[in-house]
$ cat input.txt   # compact mmCIF, C-alpha atoms
# COMPACT_ATOMS: atom_id res chain seq x y z
CA MET A 64 132.30 -95.80 9.90
CA SER A 65 133.58 -99.09 8.48
CA GLU A 66 133.99 -100.61 5.04
CA ALA A 67 132.06 -103.68 3.98
CA ARG A 68 132.71 -105.81 0.94
CA VAL A 69 129.62 -105.84 -1.29
CA VAL A 70 128.31 -107.19 -4.58
CA VAL A 71 126.10 -104.73 -6.46
CA ARG A 72 123.41 -106.18 -8.71
CA GLY A 73 122.17 -103.81 -11.39
CA GLY A 74 122.68 -100.07 -11.44
CA ILE A 75 125.92 -98.41 -12.51
CA GLU A 76 128.58 -100.51 -14.20
CA GLY A 77 131.86 -100.73 -12.37
CA ALA A 78 130.37 -100.09 -8.93
CA ARG A 79 132.86 -100.19 -6.07
CA PRO A 80 133.24 -103.58 -4.35
CA HIS A 81 133.25 -101.85 -0.97
CA ASP A 82 130.60 -99.79 0.81
CA LEU A 83 130.83 -97.41 3.77
CA VAL A 84 128.58 -98.50 6.62
CA ALA A 85 127.66 -96.85 9.91
CA GLU A 86 128.84 -98.34 13.20
CA GLU A 87 126.25 -99.48 15.75
CA ILE A 88 127.46 -100.68 19.14
CA PRO A 89 126.11 -101.24 22.67
CA VAL A 90 126.61 -98.18 24.89
CA ALA A 91 126.02 -98.75 28.60
CA MET A 92 124.92 -95.79 30.71
CA VAL A 93 126.49 -96.37 34.13
CA TYR A 94 125.60 -94.15 37.10
CA ASN A 95 127.74 -94.21 40.23
CA GLY A 96 128.98 -97.66 39.30
CA VAL A 97 125.58 -99.19 38.45
CA SER A 98 124.51 -99.90 34.86
CA HIS A 99 121.11 -98.35 34.16
CA ALA A 100 120.56 -98.67 30.40
CA VAL A 101 122.20 -100.18 27.35
CA MET A 102 121.49 -98.32 24.14
CA MET A 103 122.47 -99.32 20.61
CA ALA A 104 124.16 -96.18 19.30
CA SER A 105 126.78 -94.64 17.06
CA PRO A 106 130.11 -94.44 18.95
CA CYS A 107 130.59 -90.68 18.60
CA ASP A 108 129.75 -87.62 20.73
CA LEU A 109 129.19 -89.92 23.71
CA ALA A 110 129.75 -87.22 26.33
CA ASP A 111 126.95 -85.21 24.68
CA PHE A 112 124.82 -88.37 24.57
CA ALA A 113 125.38 -89.08 28.27
CA LEU A 114 124.37 -85.60 29.39
CA GLY A 115 121.41 -85.32 27.01
CA PHE A 116 120.08 -88.79 27.90
CA SER A 117 120.45 -88.13 31.62
CA LEU A 118 118.45 -84.90 31.39
CA SER A 119 115.81 -85.94 28.88
CA GLU A 120 115.09 -89.14 30.84
CA GLY A 121 114.66 -87.19 34.07
CA ILE A 122 117.67 -88.75 35.80
CA LEU A 123 119.17 -85.29 36.24
CA GLN A 124 117.33 -81.99 36.57
CA ARG A 125 120.35 -79.79 35.81
CA PRO A 126 123.64 -80.27 33.96
CA ASP A 127 125.67 -79.45 37.08
CA GLN A 128 124.33 -82.60 38.75
CA LEU A 129 126.65 -84.57 36.47
CA PHE A 130 130.07 -84.36 38.12
CA SER A 131 132.21 -86.44 35.74
CA ILE A 132 132.09 -88.71 32.67
CA GLU A 133 134.55 -91.44 31.73
CA ILE A 134 134.27 -93.25 28.38
CA LYS A 135 135.46 -96.87 28.71
CA PRO A 136 135.71 -98.81 25.42
CA GLY A 137 135.64 -102.60 25.76
CA GLU A 138 135.41 -105.73 23.64
CA ASP A 139 131.61 -105.90 23.89
CA GLY A 140 130.85 -102.19 23.63
CA ILE A 141 131.42 -98.93 25.47
CA GLU A 142 130.66 -98.01 29.07
CA VAL A 143 129.87 -94.38 29.80
CA ASP A 144 130.67 -94.13 33.50
CA MET A 145 129.05 -91.11 35.15
CA HIS A 146 129.33 -89.75 38.67
CA ILE A 147 126.09 -87.95 39.55
CA ALA A 148 124.66 -86.15 42.58
CA GLY A 149 123.57 -88.38 45.44
CA ASP A 150 119.92 -87.33 45.42
CA CYS A 151 119.68 -88.05 41.69
CA TYR A 152 121.19 -91.48 42.18
CA ALA A 153 118.84 -92.25 45.08
CA ARG A 154 115.86 -91.30 42.90
CA LEU A 155 117.22 -93.44 40.05
CA ARG A 156 117.56 -96.48 42.29
CA GLU A 157 114.02 -96.01 43.52
CA GLN A 158 112.71 -96.06 39.97
CA ARG A 159 114.37 -99.45 39.38
CA ARG A 160 114.28 -98.87 35.67
CA ASN A 161 116.79 -101.02 33.76
CA MET A 162 116.23 -101.08 30.04
CA ALA A 163 118.00 -102.53 27.01
CA GLY A 164 117.31 -99.93 24.33
CA ARG A 165 117.33 -100.40 20.59
CA THR A 166 117.73 -97.91 17.77
CA GLY A 167 113.97 -97.81 17.15
CA CYS A 168 112.71 -97.94 20.73
CA GLY A 169 113.71 -96.28 23.97
CA LEU A 170 111.19 -98.13 26.14
CA CYS A 171 112.45 -101.71 26.12
CA GLY A 172 112.63 -102.99 29.69
CA THR A 173 110.46 -100.27 31.24
CA GLU A 174 108.88 -101.90 34.27
CA SER A 175 105.44 -100.29 34.41
CA LEU A 176 102.98 -98.27 32.35
CA ALA A 177 103.51 -95.32 34.69
CA HIS A 178 107.11 -95.09 33.50
CA VAL A 179 106.15 -94.89 29.82
CA VAL A 180 104.30 -91.57 29.58
CA ARG A 181 105.74 -89.26 32.21
CA THR A 182 104.01 -86.00 33.09
CA ILE A 183 104.94 -83.67 30.24
CA ASP A 184 107.02 -80.63 31.15
CA GLN A 185 105.39 -77.25 30.60
CA ILE A 186 107.36 -74.89 28.40
CA ILE A 187 107.02 -71.18 27.79
CA PRO A 188 105.12 -70.95 24.47
CA GLN A 189 107.06 -69.16 21.75
CA PRO A 190 106.04 -68.02 18.27
CA PRO A 191 106.74 -70.69 15.64
CA PRO A 192 109.40 -70.08 12.98
CA GLU A 193 108.25 -68.58 9.73
CA ASP A 194 107.54 -70.94 6.87
CA LYS A 195 110.66 -69.86 4.97
CA ALA A 196 112.84 -70.58 8.03
CA VAL A 197 111.51 -74.15 8.27
CA GLN A 198 112.22 -74.66 4.58
CA GLU A 199 115.69 -73.11 4.86
CA ALA A 200 116.62 -75.45 7.72
CA LEU A 201 115.23 -78.47 5.89
CA ASN A 202 117.20 -77.64 2.74
CA ASN A 203 120.45 -77.38 4.71
CA LEU A 204 120.09 -80.35 7.07
CA LYS A 205 121.84 -82.84 4.76
CA LYS A 206 124.97 -80.68 4.70
CA HIS A 207 125.25 -81.29 8.44
CA GLN A 208 124.81 -85.07 8.18
CA PRO A 209 128.15 -86.34 6.82
CA VAL A 210 127.67 -89.91 8.09
CA GLN A 211 124.19 -90.11 6.57
CA LEU A 212 125.50 -88.84 3.24
CA GLN A 213 128.16 -91.57 3.17
CA THR A 214 126.19 -94.47 4.63
CA GLY A 215 122.46 -93.69 4.43
CA ALA A 216 122.03 -95.20 7.90
CA THR A 217 121.83 -92.41 10.46
CA HIS A 218 119.30 -89.92 11.78
CA GLY A 219 120.06 -86.26 12.38
CA ALA A 220 118.93 -83.73 14.96
CA ALA A 221 119.74 -80.06 14.50
CA TRP A 222 119.29 -76.81 16.37
CA CYS A 223 118.30 -73.97 14.05
CA ASP A 224 117.97 -70.25 14.58
CA MET A 225 114.76 -68.39 13.74
CA GLU A 226 116.06 -67.66 10.24
CA GLY A 227 116.51 -71.37 9.56
CA LYS A 228 120.30 -71.53 9.85
CA VAL A 229 121.50 -74.88 11.20
CA VAL A 230 123.82 -73.89 14.05
CA LEU A 231 124.51 -77.36 15.49
CA ALA A 232 123.72 -80.93 14.45
CA ARG A 233 124.31 -84.43 15.77
CA GLU A 234 123.92 -87.85 14.12
CA ASP A 235 123.22 -91.35 15.36
CA VAL A 236 121.78 -94.65 14.15
CA GLY A 237 118.94 -94.03 16.61
CA ARG A 238 116.64 -91.03 16.32
CA HIS A 239 116.28 -90.71 20.11
CA ASN A 240 120.05 -90.84 20.49
CA ALA A 241 120.61 -88.11 17.91
CA LEU A 242 118.23 -85.81 19.79
CA ASP A 243 119.87 -86.63 23.14
CA LYS A 244 123.28 -85.82 21.66
CA LEU A 245 121.99 -82.48 20.40
CA ILE A 246 120.44 -81.70 23.80
CA GLY A 247 123.66 -82.56 25.60
CA ALA A 248 125.85 -80.56 23.24
CA ARG A 249 123.70 -77.42 23.47
CA LEU A 250 123.36 -77.55 27.25
CA ARG A 251 127.06 -78.20 27.74
CA GLU A 252 127.89 -75.08 25.73
CA TYR A 253 125.07 -72.68 26.59
CA GLY A 254 123.47 -73.89 29.83
CA ASN A 255 120.00 -72.50 30.50
CA GLN A 256 120.26 -70.31 27.38
CA ALA A 257 120.59 -73.34 25.09
CA PHE A 258 117.02 -73.38 23.77
CA ILE A 259 115.83 -69.81 24.31
CA GLU A 260 115.35 -68.91 20.65
CA GLY A 261 115.19 -71.26 17.69
CA PHE A 262 113.80 -74.70 16.90
CA ALA A 263 114.83 -78.34 16.73
CA LEU A 264 114.71 -80.22 13.42
CA ILE A 265 114.76 -84.02 13.36
CA SER A 266 115.13 -86.30 10.34
CA SER A 267 112.60 -88.80 11.66
CA ARG A 268 108.98 -89.08 12.76
CA ALA A 269 107.88 -87.19 15.86
CA SER A 270 107.11 -89.88 18.42
CA PHE A 271 105.79 -88.96 21.85
CA GLU A 272 109.25 -89.64 23.27
CA MET A 273 110.80 -87.06 20.95
CA VAL A 274 108.21 -84.55 22.16
CA GLN A 275 108.82 -85.46 25.82
CA LYS A 276 112.59 -85.19 25.47
CA SER A 277 112.23 -81.81 23.77
CA ALA A 278 109.81 -80.46 26.36
CA SER A 279 112.04 -81.66 29.21
CA VAL A 280 114.73 -79.15 28.22
CA GLY A 281 112.46 -76.31 27.09
CA ILE A 282 112.48 -76.72 23.31
CA SER A 283 109.44 -74.72 22.22
CA THR A 284 109.29 -75.88 18.58
CA LEU A 285 109.95 -79.36 17.19
CA VAL A 286 110.02 -79.86 13.42
CA ALA A 287 110.02 -83.42 12.06
CA VAL A 288 110.65 -84.62 8.53
CA SER A 289 108.05 -87.37 8.95
CA ALA A 290 104.69 -87.68 10.70
CA PRO A 291 103.90 -87.24 14.39
CA THR A 292 101.85 -89.79 16.27
CA ALA A 293 98.51 -88.93 17.87
CA LEU A 294 100.06 -89.23 21.32
CA ALA A 295 102.88 -86.90 20.30
CA ILE A 296 100.33 -84.30 19.19
CA ARG A 297 98.44 -84.57 22.48
CA GLU A 298 101.64 -84.31 24.51
CA ALA A 299 102.88 -81.33 22.49
CA SER A 300 99.56 -79.56 23.02
CA LYS A 301 99.71 -80.19 26.78
CA SER A 302 103.23 -78.81 27.02
CA GLY A 303 102.60 -75.65 24.95
CA MET A 304 104.93 -76.77 22.15
CA ASN A 305 104.77 -75.88 18.46
CA LEU A 306 104.81 -79.23 16.62
CA ILE A 307 105.43 -79.34 12.88
CA GLY A 308 105.58 -82.54 10.83
CA PHE A 309 105.95 -83.75 7.26
CA ALA A 310 108.57 -81.08 6.63
CA ARG A 311 109.33 -81.61 2.96
CA PRO A 312 110.52 -79.26 0.22
CA GLY A 313 107.81 -76.64 -0.32
CA ARG A 314 105.42 -78.01 2.31
CA HIS A 315 105.06 -78.72 6.04
CA VAL A 316 102.15 -79.37 8.40
CA ILE A 317 101.51 -77.56 11.70
CA TYR A 318 99.87 -79.80 14.29
CA THR A 319 100.03 -77.62 17.41
CA LEU A 320 100.74 -73.96 18.02
CA GLY A 321 101.59 -73.42 21.66
CA ASP A 322 98.47 -74.42 23.57
CA THR A 323 96.11 -73.94 20.63
CA THR A 324 95.11 -76.05 17.63
CA PRO A 325 95.90 -74.38 14.28
CA GLN A 326 92.98 -73.50 12.02
CA GLU A 327 94.87 -74.44 8.87
CA ASN A 328 97.30 -77.32 9.12
CA SER A 329 98.86 -77.50 5.65
CA LEU A 330 101.43 -75.01 4.43
$ encode --input "input.txt" --output "structure tokens"
Amino acid sequence: MSEARVVVRGGIEGARPHDLVAEEIPVAMVYNGVSHAVMMASPCDLADFALGFSLSEGILQRPDQLFSIEIKPGEDGIEVDMHIAGDCYARLREQRRNMAGRTGCGLCGTESLAHVVRTIDQIIPQPPPEDKAVQEALNNLKKHQPVQLQTGATHGAAWCDMEGKVVLAREDVGRHNALDKLIGARLREYGNQAFIEGFALISSRASFEMVQKSASVGISTLVAVSAPTALAIREASKSGMNLIGFARPGRHVIYTLGDTTPQENSL
């Protein structure tokens, strides 16, 4: 975070002349010496970001295919230099996908329509969390978003147990980045047990990319504070995912339940 000098018009008398603001910097994802993507991101938890991005974008299939990470700060941003398995790098070069990502879009620079909507991963359908668990997680999410509380500028992604306890959370100026950081952190710590039981909660809308990223690592339930898109609903249904949106105090909406369509959507 940084401080910015401000002038407040209206509101409380004697407001502070300085405001805390979130950092947003270019982060280059470099694989075996070749830059693949530049994302605008918060400069924290970058090792988690690197692993989560690499897996959710299909560059790696398993965490052990990432051999090393070196974080290299520079004048223009940060390079995340990764050494990955040779077959993964060969596949990456074949894709020829170089993108300059922004906080609101992870598709900028994608070369063809075929690269946009990848075949959705199939997950093992799991029962959705109970209503009270969704509400419990929602009520506690802000406590795990310290940067958001101080700046109002970041998204959060959290892993919650089936009782609704937030067990891990990550923040970023970009919603995709926050989810990638969460994915990387969980997989680094728990490997293939990372998403066995529980659900992911995101402080944003549920775009199709958020659904794809979640399905790619086996997240069976995605809960979003805002709305899903129609494509996200279709992709979640294909994958066997529970998709819940508009999670607000006292109410949330179920859009998909595993591979079925719920009879009653509003709770």
$ residues_around --input "input.txt" --residues "Leu285 (chain A)" --least-positions-apart "6" --cutoff "10 Å" --atoms "all atoms listed in the file" --output "PyMOL selection string"
chain A and resi 191+222+261-265+269+273-274+277-278+299+304-308
$ atom_distance --input "input.txt" --atom1 "CA of Gln128 (chain A)" --atom2 "CA of Leu242 (chain A)"
20.2 Å
$ closest_residue --input "input.txt" --among "A:Gln275, A:Thr292, A:Asn240, A:Ser270" --to "Phe116 (chain A)" --atoms "all atoms listed in the file"
A:Asn240
$ residues_near_point --input "input.txt" --point "(128.9, -81.0, 38.7)" --cutoff "9 Å" --atoms "only C-alpha atoms" --output "JSON, numbers by chain"
{"A": [126, 127, 128, 129, 130, 131, 146, 147, 148]}
$ atom_distance --input "input.txt" --atom1 "CA of Ala85 (chain A)" --atom2 "CA of Gln208 (chain A)"
12.2 Å
$ atom_distance --input "input.txt" --atom1 "CA of Arg79 (chain A)" --atom2 "CA of Ser65 (chain A)"
14.6 Å
$ axis_aligned_box --input "input.txt" --around "region 297-308 of chain A" --padding-each-side "5 Å" --output "lines of an AutoDock Vina configuration file"
center_x = 102.0
center_y = -80.1
center_z = 18.9
size_x = 17.1
size_y = 18.9
size_z = 26.2
